[in-house]
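Chemist: Got a structure for you, questions after.
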Amino acid sequence: MSLVPTSGPATLRSAEPPREGVIEFTGEGRRSVELPITAALPVLSRAHRSGHDLHPTVVLLAGAAHLALKVVAEGRFGPHADQPWWVPVLSAADDDQMAQIAAARAADGLDPAAAEGVVRRMVDAVVDASPRKAPSQVTRVTEPGRVRRQPADFARDLDSRLKRVRRSHGIDDRPQAVTLSLRVEAADEQLYAGELRLVPQVHADGNPLHLADASALWFESGPEASHGFGDRARTHASTALRRAADAWSPLERLVEQRVPDELVLDSDEIVDLLDHGLDALGEVGVDVLWPRSIGRELSSRAVVEARGGALSQDAPLQSSTLSAENLFAFRWQVSLRGEDLTEEEMEQLATAASPVIKLRDNWVVVDAATAQRARKRLIRTARPAEAVAAALTGVLPIEKERVVEVHPGASIERLRASVRQAASGPPVDVPVALAATLRDYQRQGLTWLSRLTGLGLGAVLADDMGLGKTITLIALHLHRREAGLDGPTLVVCPASLLGNWQAEIERFAPGVPVRRFHGGRRSLSGLGAGKDAGFVLTTYGTMRNDAESLTGVAWDLVVADEAQHVKNAGSATARALRTIDSRARVALTGTPVENNLTELWAILDWVVPGLLGSRLAFRRVWAAPIEAGVDPKVTQRFADLIEPFVLRRRKSDPGIAPELPPKTETDHLLGLTREQAVLYESFVKDRMERIERAEPEERRGLVLAMLTGLKQICNHPAQFLKQANPKLTGRSEKLDLLDELIGTVLAEEGAVLVFTQYVAMGKLIATHLRRAHVPHQFLHGSVPVAEREEMVRRFQSDDPGERVPVFLLSLKAGGTGLNLTRADHVVHVDRWWNPAVEEQATDRAYRIGQTKPVQVHRMVTQGTVEERIAELLERKRSLADAVLARGEAALTELGDDELRDLVALR
């Protein structure tokens, strides 16, 4: 039987040391032979060279063996950190080659994924087996006629060799007497002909200043040689030349010369040297030295400029500047020693036939990329928002994985400076018609908004809840009227805020018309125009259902309050909002990002369309690298881009709200009742078994359902079991603690907000309070607008006879927009997945106008998923300022073991 069968398969059986892996070759008649890895390598080497009429599995193993031997020969392996075997040190190129070897066999019917697994195991087996075949003993001649066999210290010798090989990048581990460099020379007549000379020169290994032309080693030898190099220098120079020729093939002509004195390069070879040769030679330690008379100082950069004089130096900046009709251009600009080339010089560069040209009385080497940019000039045209983004970040994505530096031209530099300085400089005058005194930070916000909207750009006012975003927008409306702009302002907000907006407008801008576009009798007929135009208030739901009516109005401003309602750009609400045109757009939100950066993209893309590119481009260029934390420079560039358009102030910032009273936050750690513990453990067991058996497309829904069920059990068994008219007392420590807290608040004549994310839990608490005869009210999503406003009025009332001191709220319906400063206690019965949402809810009480210390109580059941989530939230609290996690959705991607650890009852 042939040792390498022509028709049968080969099978790798790898084994852990000290056993060596085995390859089984199967021939005709199913006869087989087994060979250890090291014995099979010569067989596979012949197979790799021939490759004819062999079974695909033999070819697969032969290709893997060839790659593994290359890794061994280059010394790219070392001992395993914990186990007694050798492991390869692989590069990305090795990974690609292994994938290619496997993919090549897919045509033979082998599964590519399985084939790649075999390739990787084969590489591991060869790398482990090869160094183990060193002799266990070494023969030494101790004296004439006597031979002594001694144990070989193979590990020490191998380690020493590996260190030498790695120092020399796997090229040669022998000491070098000389190193090689290539000197560039050329006379004027050669340069006019587009030619250069390369002259090889050698340097003493220990003294690089000791150098000579390599040809001198061939002309002189011996101790009297004037070049001062030893007898081995010529051999080492030949080896270095051979290595350089392997890296860059035109040097083969130099190697073939009897005396390697010089090599003349034509235009094509010069281009190849610039494009590929310099990098290849650098990798093998050969420098190419250019004379000062031949410059390589050409550089190119992208420049963004307005086209057609859209931004002249003398014209005032105004909204029409950034209208969609104006175009900007990204073009290449080539510079010599930092000075821009003229149009004539760019043309000379573009039409040059040689890679060496005379420019400004100097010979200059032109690489292919620079010449191509001089010929192409225009990269692309762009809309205003893209030009502004490039000017602010200094980079432009031009290909899928490539960005280039961008420099703003003179015209757009004015615009960039105006955008960056919008929040600084002298404040604008407070509108005469404003019946209020603005705080300093509110006036700064007005200044910023007026300047950005005056440029035709939008803005996101992301102050903490309670810092006066509403009054700032009212002031902006009045300021634009005084500046001569006309048209009404449309405010889109949650239904619960309609009354608040109307009351604030009537209070701070008396006489300004305000109407609600909401309900069955809504109408826009008779809407004022010109400077007398006022406010129109509508809800997100009405706007979504009747966007057509709203698009027919020439709006001056469109304001999206609680703009997180349009964080999903694909939703019907967000799409409808984008159809309503206006001179400028403003988003108001205390949480510009709740879960991930794509939500911020959705808001900013409405406010300044095109600033962040398409959603897919944004994920690729910004969100993915920022959330992965791979490059701090990307995060900084993104901050530079959005900073001018997002104004974020917190109550804790110096000088913002010094009069606010203190806020105390307490986590109350509670236990489970016996009933809850039994329900919890049995539910975890049942759901984890289903999750572990589920298909990937079902798993996400099962995980979310399990997390929801566990949180309901932690709240109260009756909520999880959906019991009608249940017994409530004694079944949950959360309800017991709530009784204590409410009792204390009522005894102190205070008021309390009680938040839960579940309407069902809110109804259970309301039932419990009604049975205990505690005055309360419950706000959730189904409560009509008029009744919501009445609930807020009763809670805030100064009349003890009508005041309702206990206000239950569902987190979604009551967590934003309401002013409930009567409360001095806030209770979170269950934890939301995002701390920013909880903080928004707390800010219903802790806001401008609050005069009493506020105590925040968070209920957490110990040993459950709630406690683990609480720990996660503490770590996540600062993420909205940098890179954000993905909340509940991220938990669905945990592995089964991680998920079980998260939900297990401890």
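Identifiers for the structure tokens are assigned positionally: chains receive A, B, ... in sequence, residues are indexed from 1 per chain, and ligands are indexed from 1 in the order shown.
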Can you pull out every residue within 12 Å of A:Ser682, counting only C-alpha atoms, but drop anything in the same chain fewer than 4 positions away, and send it as a PyMOL selection string?
Modeler: chain A and resi 675-678+686-689+706+709-710+713+903-905
Chemist: Find the spatial neighbours of A:Ala214, counting only C-alpha atoms, within a cut-off of 6 Å - ignore same-chain residues fewer than 6 positions away - and output them as a short mmCIF file (atom, residue, chain, number, x, y, z; two decimals) with N, CA and C atoms, in the first residue's frame.
Modeler:
```
data_model
loop_
_atom_site.label_atom_id
_atom_site.label_comp_id
_atom_site.auth_asym_id
_atom_site.auth_seq_id
_atom_site.Cartn_x
_atom_site.Cartn_y
_atom_site.Cartn_z
N PRO A 200 23.69 50.51 -2.53
CA PRO A 200 23.70 49.80 -1.24
C PRO A 200 24.89 50.22 -0.40
N GLN A 201 24.66 50.42 0.88
CA GLN A 201 25.76 50.72 1.79
C GLN A 201 25.59 49.91 3.06
N VAL A 202 26.71 49.66 3.73
CA VAL A 202 26.71 48.80 4.92
C VAL A 202 27.13 49.63 6.12
#
```
Chemist: Any chance you could list, as a ChimeraX atom specification, the residues in stretch 661-882 of chain A that come up helix (DSSP H, G or I) when DSSP is run on the backbone?
Modeler: /A:674-693,696-715,717-721,733-747,759-771,785-796,811-814,835-842,865-876,879-881
Chemist: Determine, counting only C-alpha atoms, which protein, DNA and RNA residues have an atom within 8 Å of an atom of stretch 346-349 of chain A; residues of the same chain fewer than 4 positions away are not included. Present the result as a PyMOL selection string.
Modeler: chain A and resi 334+341-342+357+371+374-375
Chemist: Store the residues of this selection in a file with N, CA and C atoms, as a PDB file, in the first residue's frame.
Modeler:
```
ATOM      1  N   VAL A 334      -3.063  69.536  -2.061  1.00  0.00           N
ATOM      2  CA  VAL A 334      -1.698  69.026  -1.864  1.00  0.00           C
ATOM      3  C   VAL A 334      -0.821  70.181  -1.416  1.00  0.00           C
ATOM      4  N   LEU A 341      -0.180  74.075  -2.618  1.00  0.00           N
ATOM      5  CA  LEU A 341       0.180  74.294  -4.012  1.00  0.00           C
ATOM      6  C   LEU A 341      -0.886  75.154  -4.694  1.00  0.00           C
ATOM      7  N   THR A 342      -0.432  75.921  -5.690  1.00  0.00           N
ATOM      8  CA  THR A 342      -1.374  76.721  -6.470  1.00  0.00           C
ATOM      9  C   THR A 342      -2.117  75.811  -7.448  1.00  0.00           C
ATOM     10  N   ILE A 357       9.389  65.028 -10.154  1.00  0.00           N
ATOM     11  CA  ILE A 357       9.180  66.268 -10.918  1.00  0.00           C
ATOM     12  C   ILE A 357       9.879  67.422 -10.208  1.00  0.00           C
ATOM     13  N   ALA A 371      -0.482  61.754  -6.492  1.00  0.00           N
ATOM     14  CA  ALA A 371      -0.750  62.086  -7.893  1.00  0.00           C
ATOM     15  C   ALA A 371      -2.219  61.868  -8.232  1.00  0.00           C
ATOM     16  N   ALA A 374      -4.278  64.677  -6.829  1.00  0.00           N
ATOM     17  CA  ALA A 374      -4.127  65.902  -7.611  1.00  0.00           C
ATOM     18  C   ALA A 374      -4.947  65.836  -8.886  1.00  0.00           C
ATOM     19  N   ARG A 375      -5.070  64.633  -9.474  1.00  0.00           N
ATOM     20  CA  ARG A 375      -5.867  64.488 -10.690  1.00  0.00           C
ATOM     21  C   ARG A 375      -7.362  64.532 -10.383  1.00  0.00           C
TER      22      ARG A 375
END
```
Chemist: Using backbone DSSP assignments, extract all strand (DSSP E or B) residues from stretch 492-570 of chain A; output them as a list in words.
Modeler: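 The residues of stretch 492-570 of chain A classed as strand (DSSP E or B) are Val492, Cys493, Val514, Arg515, Arg516, Phe535, Val536, Leu537, Thr538, Thr539, Trp555, Asp556, Leu557, Val558, Val559, Ala560 and Asp561 of chain A.
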Chemist: Include C-alpha atoms and write out the residues we just selected as a PDB file, in the first residue's frame.
Modeler:
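In the end it all went to again-v7.pdb:
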```
ATOM      1  CA  VAL A 492     -45.341  68.423  20.496  1.00  0.00           C
ATOM      2  CA  CYS A 493     -45.447  66.876  23.956  1.00  0.00           C
ATOM      3  CA  VAL A 514     -51.991  79.623  22.546  1.00  0.00           C
ATOM      4  CA  ARG A 515     -54.288  76.846  21.357  1.00  0.00           C
ATOM      5  CA  ARG A 516     -54.468  73.093  21.773  1.00  0.00           C
ATOM      6  CA  PHE A 535     -48.172  78.680  20.133  1.00  0.00           C
ATOM      7  CA  VAL A 536     -49.948  75.514  19.012  1.00  0.00           C
ATOM      8  CA  LEU A 537     -49.799  72.614  21.478  1.00  0.00           C
ATOM      9  CA  THR A 538     -50.380  69.006  20.392  1.00  0.00           C
ATOM     10  CA  THR A 539     -49.589  65.492  21.607  1.00  0.00           C
ATOM     11  CA  TRP A 555     -44.036  76.908  11.210  1.00  0.00           C
ATOM     12  CA  ASP A 556     -41.235  79.053  12.512  1.00  0.00           C
ATOM     13  CA  LEU A 557     -40.235  76.612  15.268  1.00  0.00           C
ATOM     14  CA  VAL A 558     -41.138  72.996  15.965  1.00  0.00           C
ATOM     15  CA  VAL A 559     -40.380  71.875  19.521  1.00  0.00           C
ATOM     16  CA  ALA A 560     -40.364  68.220  20.593  1.00  0.00           C
ATOM     17  CA  ASP A 561     -40.756  68.109  24.388  1.00  0.00           C
TER      18      ASP A 561
END
```
Chemist: Return the single residue from A:Val806, A:Ile848, A:Val430, A:Ala92 that is closest to A:Leu738, with distances computed using only C-alpha atoms.
Modeler: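 Comparing A:Val806, A:Ile848, A:Val430, A:Ala92 against A:Leu738, the winner is A:Val806.
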Chemist: Mind pulling up the distance from atom CA of A:Pro88 to atom CA of A:Glu24?
Modeler: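 Result for atom CA of A:Glu24 versus atom CA of A:Pro88: 23.3 Å, one decimal.
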Chemist: Which residue out of A:His276, A:Arg197, A:Arg451, A:Arg373 has the minimum interatomic distance to A:Leu415 when only C-alpha atoms are used?
Modeler: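 So, comparing all the options, the nearest one is A:Arg451.
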Chemist: Counting only C-alpha atoms, what is within 10 Å of A:Pro717, bar same-chain residues fewer than 6 positions away, as a list in words?
Modeler: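 Final neighbour list, sorted by chain and number: Thr673, Glu675, Gln676, Ala677, Leu679, Tyr680, Gln723, Pro726, Leu728, Arg731 and Ser732 of chain A.
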Chemist: Restricting it to N, CA and C atoms, dump the selection as a CSV table (one decimal), in the first residue's frame.
Modeler:
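Below you can see again_11.csv, which holds the result:
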```
chain,number,residue,atom,x,y,z
A,673,THR,N,-40.9,36.8,51.3
A,673,THR,CA,-41.7,35.9,52.2
A,673,THR,C,-41.5,34.5,51.7
A,675,GLU,N,-43.8,32.4,50.7
A,675,GLU,CA,-44.5,32.3,49.4
A,675,GLU,C,-43.8,32.8,48.2
A,676,GLN,N,-43.2,34.0,48.4
A,676,GLN,CA,-42.4,34.5,47.3
A,676,GLN,C,-41.2,33.7,46.9
A,677,ALA,N,-40.5,33.2,47.9
A,677,ALA,CA,-39.3,32.4,47.7
A,677,ALA,C,-39.6,31.1,46.9
A,679,LEU,N,-42.3,30.6,44.9
A,679,LEU,CA,-42.6,31.0,43.6
A,679,LEU,C,-41.4,31.4,42.8
A,680,TYR,N,-40.5,32.1,43.4
A,680,TYR,CA,-39.3,32.5,42.7
A,680,TYR,C,-38.4,31.3,42.2
A,723,GLN,N,-54.2,37.6,40.7
A,723,GLN,CA,-55.3,37.2,41.6
A,723,GLN,C,-56.3,38.4,41.6
A,726,PRO,N,-57.4,39.9,46.0
A,726,PRO,CA,-56.6,39.0,46.8
A,726,PRO,C,-56.4,39.6,48.2
A,728,LEU,N,-53.8,41.0,50.7
A,728,LEU,CA,-52.6,41.7,50.3
A,728,LEU,C,-51.6,41.8,51.5
A,731,ARG,N,-47.9,39.4,52.8
A,731,ARG,CA,-47.4,38.5,51.7
A,731,ARG,C,-46.2,39.2,51.0
A,732,SER,N,-45.8,40.4,51.3
A,732,SER,CA,-44.7,41.1,50.7
A,732,SER,C,-44.1,42.2,51.6
```
Chemist: With distances taken over only C-alpha atoms, which residue among A:Ala113, A:Ala760, A:Leu461, A:Ala369 lies nearest A:Leu473?
Modeler: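 Checking each of A:Ala113, A:Ala760, A:Leu461, A:Ala369 against A:Leu473, counting only C-alpha atoms, the winner is A:Leu461.
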Chemist: If you count only C-alpha atoms, which residues fall within 9 Å of A:Asp124, apart from same-chain ones fewer than 3 positions away, as a list in words?
Modeler: Ser14, Ala68, Trp86, Val87, Pro88, Val119, Arg120, Arg121, Val127, Asp128 and Ala129 of chain A
